[in-house]
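Structure file target04.cif with mmCIF, C-alpha atoms and all ligand atoms:
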```
data_entry
loop_
_atom_site.label_atom_id
_atom_site.label_comp_id
_atom_site.auth_asym_id
_atom_site.auth_seq_id
_atom_site.Cartn_x
_atom_site.Cartn_y
_atom_site.Cartn_z
CA MET T 970 92.39 56.49 -15.36
CA CYS T 971 93.22 53.23 -16.99
CA SER T 972 96.47 51.74 -15.82
CA SER T 973 96.69 48.79 -18.12
CA ILE T 974 98.99 48.50 -21.04
CA ILE T 975 97.25 49.52 -24.20
CA ILE T 976 98.40 48.82 -27.69
CA ALA T 977 97.45 51.52 -30.12
CA ASN T 978 97.83 49.47 -33.22
CA ALA T 979 99.37 46.12 -34.02
CA ASN T 980 101.68 47.82 -36.50
CA ARG T 981 103.01 50.16 -33.85
CA PRO T 982 102.86 48.43 -30.52
CA TRP T 983 104.50 51.29 -28.69
CA ILE T 984 102.91 52.01 -25.42
CA LEU T 985 103.58 53.95 -22.30
CA PRO T 986 102.96 51.95 -19.15
CA ALA T 987 100.12 53.10 -16.95
CA ILE T 988 98.98 55.63 -19.49
CA ALA T 989 95.42 56.13 -20.49
CA LEU T 990 96.14 56.14 -24.16
CA GLN T 991 93.17 55.98 -26.40
CA ALA T 992 93.08 52.32 -27.26
CA SER T 993 92.35 51.05 -30.65
CA THR T 994 90.52 47.86 -29.85
CA ASN T 995 89.69 47.60 -33.50
CA ASP T 996 93.21 47.09 -34.74
CA ASN T 997 93.62 46.82 -38.43
CA ASP T 998 97.13 45.76 -39.32
CA ASN T 999 96.86 47.08 -42.84
CA ASP T 1000 95.20 50.39 -42.33
CA ASP T 1001 97.14 52.78 -40.20
CA THR T 1002 95.42 55.84 -41.58
CA SER T 1003 92.14 54.60 -40.16
CA SER T 1004 93.56 54.68 -36.67
CA ALA T 1005 92.84 58.36 -36.14
CA ASP T 1006 89.21 57.46 -36.39
CA ASP T 1007 89.72 54.54 -34.06
CA ASN T 1008 90.10 57.03 -31.27
CA GLU T 1009 86.48 57.90 -31.65
CA GLU T 1010 85.63 54.41 -30.57
CA ASP T 1011 87.05 54.36 -27.10
CA GLY T 1012 85.69 56.23 -24.18
CA SER T 1013 88.81 57.87 -22.83
CA ASN T 1014 89.53 61.57 -23.00
CA ASP T 1015 92.67 61.17 -20.95
CA GLY T 1016 95.92 61.87 -22.63
CA ILE T 1017 99.41 60.78 -21.85
CA ASP T 1018 100.30 61.10 -18.19
CA LEU T 1019 103.30 63.41 -18.26
CA SER T 1020 104.35 62.36 -14.78
CA LEU T 1021 105.53 59.04 -16.18
CA ASP T 1022 108.70 60.55 -17.51
CA GLU T 1023 110.09 64.03 -17.17
CA ARG T 1024 111.10 64.03 -20.81
CA LEU T 1025 107.44 64.12 -21.81
CA TYR T 1026 105.88 67.54 -22.18
CA ARG T 1027 102.66 69.02 -23.51
CA VAL T 1028 102.48 72.28 -25.43
CA ARG T 1029 99.59 74.24 -26.93
CA LEU T 1030 100.28 75.59 -30.38
CA SER T 1031 98.52 76.82 -33.49
CA ARG T 1032 97.26 73.91 -35.61
CA PHE T 1033 99.88 75.12 -38.10
CA PRO T 1034 102.86 75.02 -35.75
CA GLY T 1035 105.66 75.67 -38.23
CA ILE T 1036 107.24 72.26 -37.74
CA GLU T 1037 108.97 70.26 -40.44
CA TRP T 1038 108.38 66.64 -39.53
CA GLY T 1039 110.81 63.80 -40.04
CA THR T 1040 110.53 60.04 -39.65
CA ASP T 1041 112.80 57.07 -39.28
CA LEU T 1042 113.61 54.87 -42.26
CA SER T 1043 110.32 53.01 -41.90
CA PHE T 1044 108.46 56.34 -42.23
CA ALA T 1045 107.23 56.07 -38.67
CA PHE T 1046 108.15 57.65 -35.33
CA VAL T 1047 107.52 61.21 -36.41
CA TYR T 1048 109.86 63.76 -34.88
CA VAL T 1049 110.69 67.45 -35.21
CA ARG T 1050 113.16 67.71 -38.06
CA ALA T 1051 113.26 71.50 -38.26
CA LEU T 1052 111.46 74.53 -36.95
CA ASP T 1053 110.34 77.57 -38.89
CA PRO T 1054 112.02 80.35 -36.88
CA SER T 1055 108.85 82.46 -37.14
CA GLY T 1056 106.47 79.55 -36.51
CA ALA T 1057 104.42 78.91 -33.39
CA ALA T 1058 106.55 75.99 -32.21
CA SER T 1059 109.79 77.91 -32.46
CA MET T 1060 108.26 81.02 -30.90
CA SER T 1061 107.01 78.95 -27.95
CA GLY T 1062 110.58 78.22 -26.97
CA GLN T 1063 109.47 74.79 -25.78
CA VAL T 1064 109.82 72.59 -28.84
CA ALA T 1065 113.25 71.46 -29.98
CA VAL T 1066 114.58 69.75 -33.05
CA GLY T 1067 114.68 66.01 -32.43
CA ASP T 1068 111.66 65.87 -30.11
CA GLN T 1069 109.42 62.86 -30.77
CA LEU T 1070 105.72 63.47 -31.39
CA CYS T 1071 103.49 61.37 -29.10
CA GLU T 1072 99.99 62.82 -29.07
CA LEU T 1073 97.68 65.35 -30.71
CA ARG T 1074 94.53 66.84 -29.27
CA ALA T 1075 92.37 69.57 -30.76
CA VAL T 1076 91.67 72.46 -28.40
CA ILE T 1077 87.92 72.87 -28.55
CA ASP T 1078 85.09 73.50 -26.10
CA SER T 1079 83.76 70.04 -26.23
CA ASP T 1080 83.92 66.76 -24.39
CA SER T 1081 84.72 65.02 -27.61
CA ASN T 1082 88.23 66.30 -28.10
CA LYS T 1083 89.86 62.97 -27.50
CA PRO T 1084 93.61 62.82 -27.86
CA VAL T 1085 95.04 60.99 -30.83
CA ASN T 1086 97.83 58.62 -29.93
CA LEU T 1087 100.74 59.23 -32.28
CA LEU T 1088 103.37 57.10 -30.57
CA GLY T 1089 105.40 55.42 -33.27
CA ALA T 1090 102.75 56.31 -35.82
CA PRO T 1091 103.46 56.28 -39.54
CA PHE T 1092 103.92 59.63 -41.22
CA ASP T 1093 100.67 59.34 -43.19
CA TYR T 1094 98.74 58.62 -40.05
CA VAL T 1095 100.12 61.75 -38.37
CA MET T 1096 99.44 63.93 -41.36
CA THR T 1097 95.90 62.55 -41.54
CA ALA T 1098 95.38 63.36 -37.87
CA PHE T 1099 96.31 66.99 -38.53
CA ALA T 1100 94.45 67.23 -41.81
CA THR T 1101 91.22 65.90 -40.37
CA LEU T 1102 91.02 68.40 -37.54
CA GLU T 1103 87.73 70.22 -37.67
CA LYS T 1104 87.75 73.52 -39.54
CA GLY T 1105 87.05 75.59 -36.46
CA VAL T 1106 90.03 74.23 -34.57
CA GLN T 1107 92.61 76.96 -34.11
CA ASP T 1108 94.95 75.38 -31.59
CA VAL T 1109 96.16 71.93 -30.75
CA GLU T 1110 97.86 70.38 -27.76
CA LEU T 1111 100.82 68.26 -28.68
CA VAL T 1112 102.71 65.89 -26.43
CA PHE T 1113 106.38 65.46 -27.24
CA PHE T 1114 109.14 63.32 -25.85
CA ARG T 1115 112.55 64.93 -25.61
CA GLY T 1116 114.96 62.19 -26.47
CA SER T 1117 115.87 59.69 -29.09
CA GLN T 1118 113.53 57.12 -30.57
CA GLU T 1119 115.40 54.46 -28.61
CA ASP T 1120 114.80 56.37 -25.38
CA LEU T 1121 111.12 56.65 -26.19
CA LYS T 1122 110.85 52.94 -26.92
CA ALA T 1123 112.61 52.24 -23.63
CA VAL T 1124 110.02 54.31 -21.80
CA CYS T 1125 107.22 52.54 -23.66
CA THR T 1126 108.55 49.14 -22.68
CA GLY T 1127 109.18 50.16 -19.11
CA GLU T 1128 112.94 50.13 -19.47
CA GLY T 1129 112.96 53.86 -19.07
CA ALA T 1130 112.25 53.34 -15.39
CA LYS T 1131 115.71 51.87 -15.10
CA LYS T 1132 117.23 55.16 -16.07
CA GLU T 1133 119.53 55.92 -13.22
CA SER T 1134 120.52 59.45 -13.77
CA ASP T 1135 118.92 62.65 -14.93
CA THR T 1136 122.30 64.08 -15.67
CA VAL T 1137 124.89 63.54 -18.35
CA THR T 1138 128.63 64.00 -18.39
CA ILE T 1139 130.06 66.17 -21.11
CA THR T 1140 133.79 65.78 -21.58
CA VAL T 1141 135.20 68.80 -23.35
CA ILE T 1142 138.57 68.75 -25.08
CA GLN T 1143 139.99 72.14 -25.97
CA ASN T 1144 143.12 72.77 -28.08
CA LYS T 1145 143.50 69.10 -28.83
CA GLY T 1146 147.03 68.04 -29.69
CA SER T 1147 148.61 71.32 -28.64
CA PRO T 1148 150.61 72.04 -25.48
CA GLU T 1149 147.55 73.89 -24.22
CA GLU T 1150 145.30 70.87 -24.52
CA ASN T 1151 142.74 70.96 -21.76
CA ILE T 1152 140.19 68.35 -20.81
CA GLN T 1153 137.24 69.28 -18.66
CA THR T 1154 134.25 67.24 -17.51
CA ILE T 1155 130.93 68.92 -16.93
CA THR T 1156 127.80 67.45 -15.40
CA ALA T 1157 124.63 68.79 -16.94
CA PRO T 1158 120.92 67.90 -17.05
CA ALA T 1159 119.99 65.21 -19.57
CA GLY T 1160 118.66 66.88 -22.69
CA CYS T 1161 120.85 69.93 -22.23
CA ASN T 1162 121.83 72.16 -25.10
CA VAL T 1163 125.52 71.66 -25.83
CA ARG T 1164 126.24 75.27 -26.74
CA GLU T 1165 124.56 76.53 -23.59
CA VAL T 1166 126.50 74.13 -21.40
CA LEU T 1167 129.79 75.13 -22.97
CA THR T 1168 129.20 78.86 -22.90
CA ASP T 1169 127.82 78.68 -19.36
CA ASN T 1170 131.13 77.11 -18.41
CA LYS T 1171 133.05 79.86 -20.23
CA ILE T 1172 134.15 77.55 -23.02
CA ASN T 1173 134.25 79.32 -26.36
CA VAL T 1174 132.85 77.44 -29.36
CA TYR T 1175 133.43 80.19 -31.89
CA GLN T 1176 136.57 80.64 -33.88
CA SER T 1177 138.14 83.99 -34.67
CA ILE T 1178 135.84 86.95 -35.20
CA THR T 1179 132.72 84.78 -35.10
CA ARG T 1180 133.06 84.97 -31.34
CA TRP T 1181 131.43 88.38 -31.67
CA THR T 1182 129.46 88.02 -34.87
CA ASN T 1183 127.65 84.75 -34.21
CA CYS T 1184 123.86 84.44 -34.12
CA LYS T 1185 123.77 83.50 -30.43
CA GLY T 1186 122.19 80.13 -30.89
CA LYS T 1187 119.55 80.86 -33.53
CA GLN T 1188 121.01 78.43 -36.09
CA LEU T 1189 121.63 81.23 -38.53
CA CYS T 1190 125.40 81.68 -38.65
CA GLY T 1191 126.71 78.11 -38.77
CA THR T 1192 129.78 78.99 -36.70
CA CYS T 1193 129.21 77.14 -33.41
CA ILE T 1194 130.75 73.94 -34.75
CA VAL T 1195 132.01 71.24 -32.42
CA ASP T 1196 133.06 67.65 -32.98
CA ILE T 1197 131.12 65.04 -30.99
CA THR T 1198 133.92 62.48 -30.94
CA GLU T 1199 132.16 60.08 -28.59
CA GLY T 1200 128.52 59.47 -27.82
CA SER T 1201 126.99 61.07 -30.89
CA GLY T 1202 124.22 58.47 -30.64
CA GLN T 1203 123.26 60.09 -27.36
CA THR T 1204 122.32 63.31 -29.11
CA ASN T 1205 119.37 64.40 -31.21
CA ARG T 1206 119.72 63.70 -34.89
CA LYS T 1207 120.71 66.38 -37.37
CA SER T 1208 118.02 68.34 -39.12
CA MET T 1209 118.30 68.74 -42.88
CA ASP T 1210 119.34 72.35 -42.35
CA GLU T 1211 122.13 71.41 -39.99
CA ALA T 1212 123.30 68.57 -42.24
CA SER T 1213 123.34 70.96 -45.18
CA THR T 1214 125.34 73.56 -43.30
CA LEU T 1215 127.92 70.97 -42.28
CA ARG T 1216 127.88 68.95 -45.47
CA GLU T 1217 131.59 69.43 -46.23
CA ASN T 1218 132.67 68.32 -42.77
CA PRO T 1219 132.85 64.95 -40.96
CA ASP T 1220 129.58 63.44 -39.86
CA SER T 1221 130.51 63.86 -36.20
CA TYR T 1222 130.57 67.65 -36.54
CA ARG T 1223 127.56 69.42 -35.08
CA LEU T 1224 126.22 72.90 -34.63
CA SER T 1225 126.40 73.04 -30.87
CA CYS T 1226 123.41 75.40 -30.63
CA VAL T 1227 121.03 72.75 -31.97
CA THR T 1228 122.66 69.73 -30.36
CA PHE T 1229 121.10 68.22 -27.26
CA ALA T 1230 122.82 65.59 -25.10
CA TYR T 1231 120.73 62.78 -23.66
CA GLY T 1232 123.71 60.71 -22.56
CA ASP T 1233 127.44 61.08 -21.96
CA ILE T 1234 129.34 62.66 -24.82
CA THR T 1235 132.83 63.91 -25.62
CA VAL T 1236 133.09 67.24 -27.39
CA GLU T 1237 136.10 68.74 -29.12
CA THR T 1238 136.01 72.47 -29.68
CA PHE T 1239 137.60 74.20 -32.66
CA PRO T 1240 137.72 71.15 -34.92
CA PRO T 1241 139.45 71.75 -38.26
CA ILE T 1242 136.85 73.08 -40.66
CA GLU T 1243 136.81 73.08 -44.42
CA ALA T 1244 137.57 76.54 -45.77
CA ALA T 1245 134.38 76.45 -47.80
CA GLN T 1246 132.44 76.54 -44.54
CA TRP T 1247 133.40 80.17 -44.12
CA THR T 1248 132.80 81.32 -47.64
CA ARG T 1249 129.09 80.69 -47.78
S1 LIG N 1301 125.25 79.95 -32.89
FE1 LIG N 1301 124.77 80.46 -34.93
S2 LIG N 1301 124.34 78.56 -35.84
FE2 LIG N 1301 124.81 78.04 -33.80
#
```
Final C-alpha cells representation of the file:
Amino acid sequence: MCSSIIIANANRPWILPAIALQASTNDNDNDDTSSADDNEEDGSNDGIDLSLDERLYRVRLSRFPGIEWGTDLSFAFVYVRALDPSGAASMSGQVAVGDQLCELRAVIDSDSNKPVNLLGAPFDYVMTAFATLEKGVQDVELVFFRGSQEDLKAVCTGEGAKKESDTVTITVIQNKGSPEENIQTITAPAGCNVREVLTDNKINVYQSITRWTNCKGKQLCGTCIVDITEGSGQTNRKSMDEASTLRENPDSYRLSCVTFAYGDITVETFPPIEAAQWTR
C-alpha cells in the first residue's frame, strides 16, 4: 500500500495521509469531470484506509442509494443533505445526514473496480462518477466521513491526528429562567445523536402531548426541537427538510433527532416555539 501523500486533483488538494488513494498524476486544473477517468490510469485498487480515522466508514448500498446530495458554496465537498426514508442508505441505518462522501467503488467481480476518490470533489464530478458506472453494476461501496467539512480537511492535512478526545461534552439546560432551572453535563461519544443522548439520560425533548405522539426519531413529527445555544458549528448542518420544518424559528433551533454533535455543545430544551410550528 502506498503511504505517500497523493493529491487527487490540483483543484481539490484534499488528501488523507498514508492512504492509497487513486492518484491522478494527470491533473487537469480545468477539467474536474475528467478525473473519474483519471482513476483508470493508476494501478491502485486500494481504497481509503478506514483505520486512519474512526469517523471514516465504508458501506455497501444500491447504486441508487436514496441520498439527496448537498455541497458547500463552491459546489464541492459533497455530503448527505437528506435521506429518502425508504431508500437503501436510510434503510442501512449506517448513513446519516451530514456525512461527507469520500469514495465510490462499483461492486463487481473484476479486478478493475478501482475506487474513485471523491474527497472534496465538485458536485458534477461526483454525479459523473455515479452516472458512468457500468450498466450491470447493482451495488456500490461508498466511504463516508462522519463529521464536518472542517473536520475532514483536518484529517486530510494531518491535523486530525491532534484530536485529543473521542468524546464530547453536552451541557443541557432545562427550564431555563425558571426556579426549576437545571444544568446537567453529559459526556458522550463524538458524533452522537443529540436526541438519543438526551433521552438516554431521561431528559425529555418533547413538549406537552408530543411526548407520547412523537415519531421516535424518524424526522417525521418535527417536535423534538432543542436550541443549540453554543457550539452549533460542532454539529452537522441542517438538511433542507429540517430547515423547512424549523423555518419560523431561530437558526440555532434544531430537530434533536437529526442533530449530531462532533464537539462540545450547549443545548436548551423546550425553547419557545412559534405557534405556527404546531399547526402544520
Ligand atoms: S422525533 Fe420526530 S422529528 Fe425528531
* Structure fact -> From the list T:Ser1020, T:Ser1225, T:Ser1201, T:Asn1086, the nearest residue to ligand LIG 1301 (chain N) using only C-alpha atoms and all ligand atoms is T:Ser1225
* To do: Counting only C-alpha atoms and all ligand atoms, name the residues that have an atom within 12 Å of an atom of ligand LIG 1301 (chain N); the answer should be given as a ChimeraX atom specification.
  => /T:1162-1165,1167-1168,1173-1176,1179-1195,1210-1212,1214-1215,1223-1228
* If we count all atoms listed in the file, what is near Ala1230 in chain T at a cut-off of 6 Å, once residues fewer than 5 positions away on the same chain are taken out, given as a PyMOL selection string? -> chain T and resi 1160-1161+1203-1204
* To do: Tell me which of T:Gly1056, T:Glu1023, T:Leu1073, T:Val1137 sits closest to Ala1100 in chain T, counting all atoms listed in the file.
  =>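 Smallest separation from Ala1100 in chain T among the options: T:Leu1073.
We find CA of Arg1027 in chain T and CA of Ala1159 in chain T to be spaced 18.2 Å apart.
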* For Val1028 in chain T, which residue out of T:Leu1102, T:Ala1090, T:Ile1172, T:Cys1071 is the nearest one, using only C-alpha atoms? ->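 Closest to Val1028 in chain T, using only C-alpha atoms: T:Cys1071.
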* **All residues 6 Å or closer to range 1205-1209 of chain T, only C-alpha atoms, same chain fewer than 4 positions away omitted, as a ChimeraX atom specification** => /T:1050-1051,1067,1213,1229
Please, could you write that set of residues out with C-alpha atoms as a PDB file, in the coordinates of the input?
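Output (selection07.pdb):
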```pdb
ATOM      1  CA  ARG T1050     113.160  67.710 -38.060  1.00  0.00           C
ATOM      2  CA  ALA T1051     113.260  71.500 -38.260  1.00  0.00           C
ATOM      3  CA  GLY T1067     114.680  66.010 -32.430  1.00  0.00           C
ATOM      4  CA  SER T1213     123.340  70.960 -45.180  1.00  0.00           C
ATOM      5  CA  PHE T1229     121.100  68.220 -27.260  1.00  0.00           C
TER       6      PHE T1229
END
```
* Which one is closest to Leu1087 in chain T: T:Val1124, T:Leu1042, T:Val1112, T:Ala1075? Count all atoms listed in the file. ->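 With all atoms listed in the file as the atom set, the closest residue is T:Val1112.
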* Asked: Looking at only C-alpha atoms, which of T:Gln1069, T:Thr1101, T:Asn1218, T:Thr1138 is the one that sits closest to Lys1122 in chain T?
  ->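 Closest candidate: T:Gln1069.
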* **Gap from CA of Phe1113 in chain T to CA of Val1236 in chain T - Å, one decimal** =>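 Here the two named atoms are 26.8 Å from each other.
The nearest approach to Glu1103 in chain T among the residues T:Arg1032, T:Thr1126, T:Gly1146, T:Asp1233, with all atoms listed in the file taken into account, belongs to T:Arg1032.
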* How far is it from CA of Cys1125 in chain T to CA of Gly1232 in chain T, in Å with one decimal? -> 18.4 Å
* Show which residues sit within 7 Å of Arg1074 in chain T, as an MDAnalysis selection string. Count all atoms listed in the file, and ignore same-chain residues fewer than 4 positions away. => chainID T and resid 1082:1085 1109:1111
* To do: Quick one: everything within 7 Å of Phe1114 in chain T, counting all atoms listed in the file, minus sequence neighbours fewer than 3 positions away in the same chain. Send it as a list in words.
  =>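 Here the answer would be Arg1024, Leu1025, Tyr1026, Asp1068, Gln1069, Leu1070, Cys1071 and Leu1121 of chain T.
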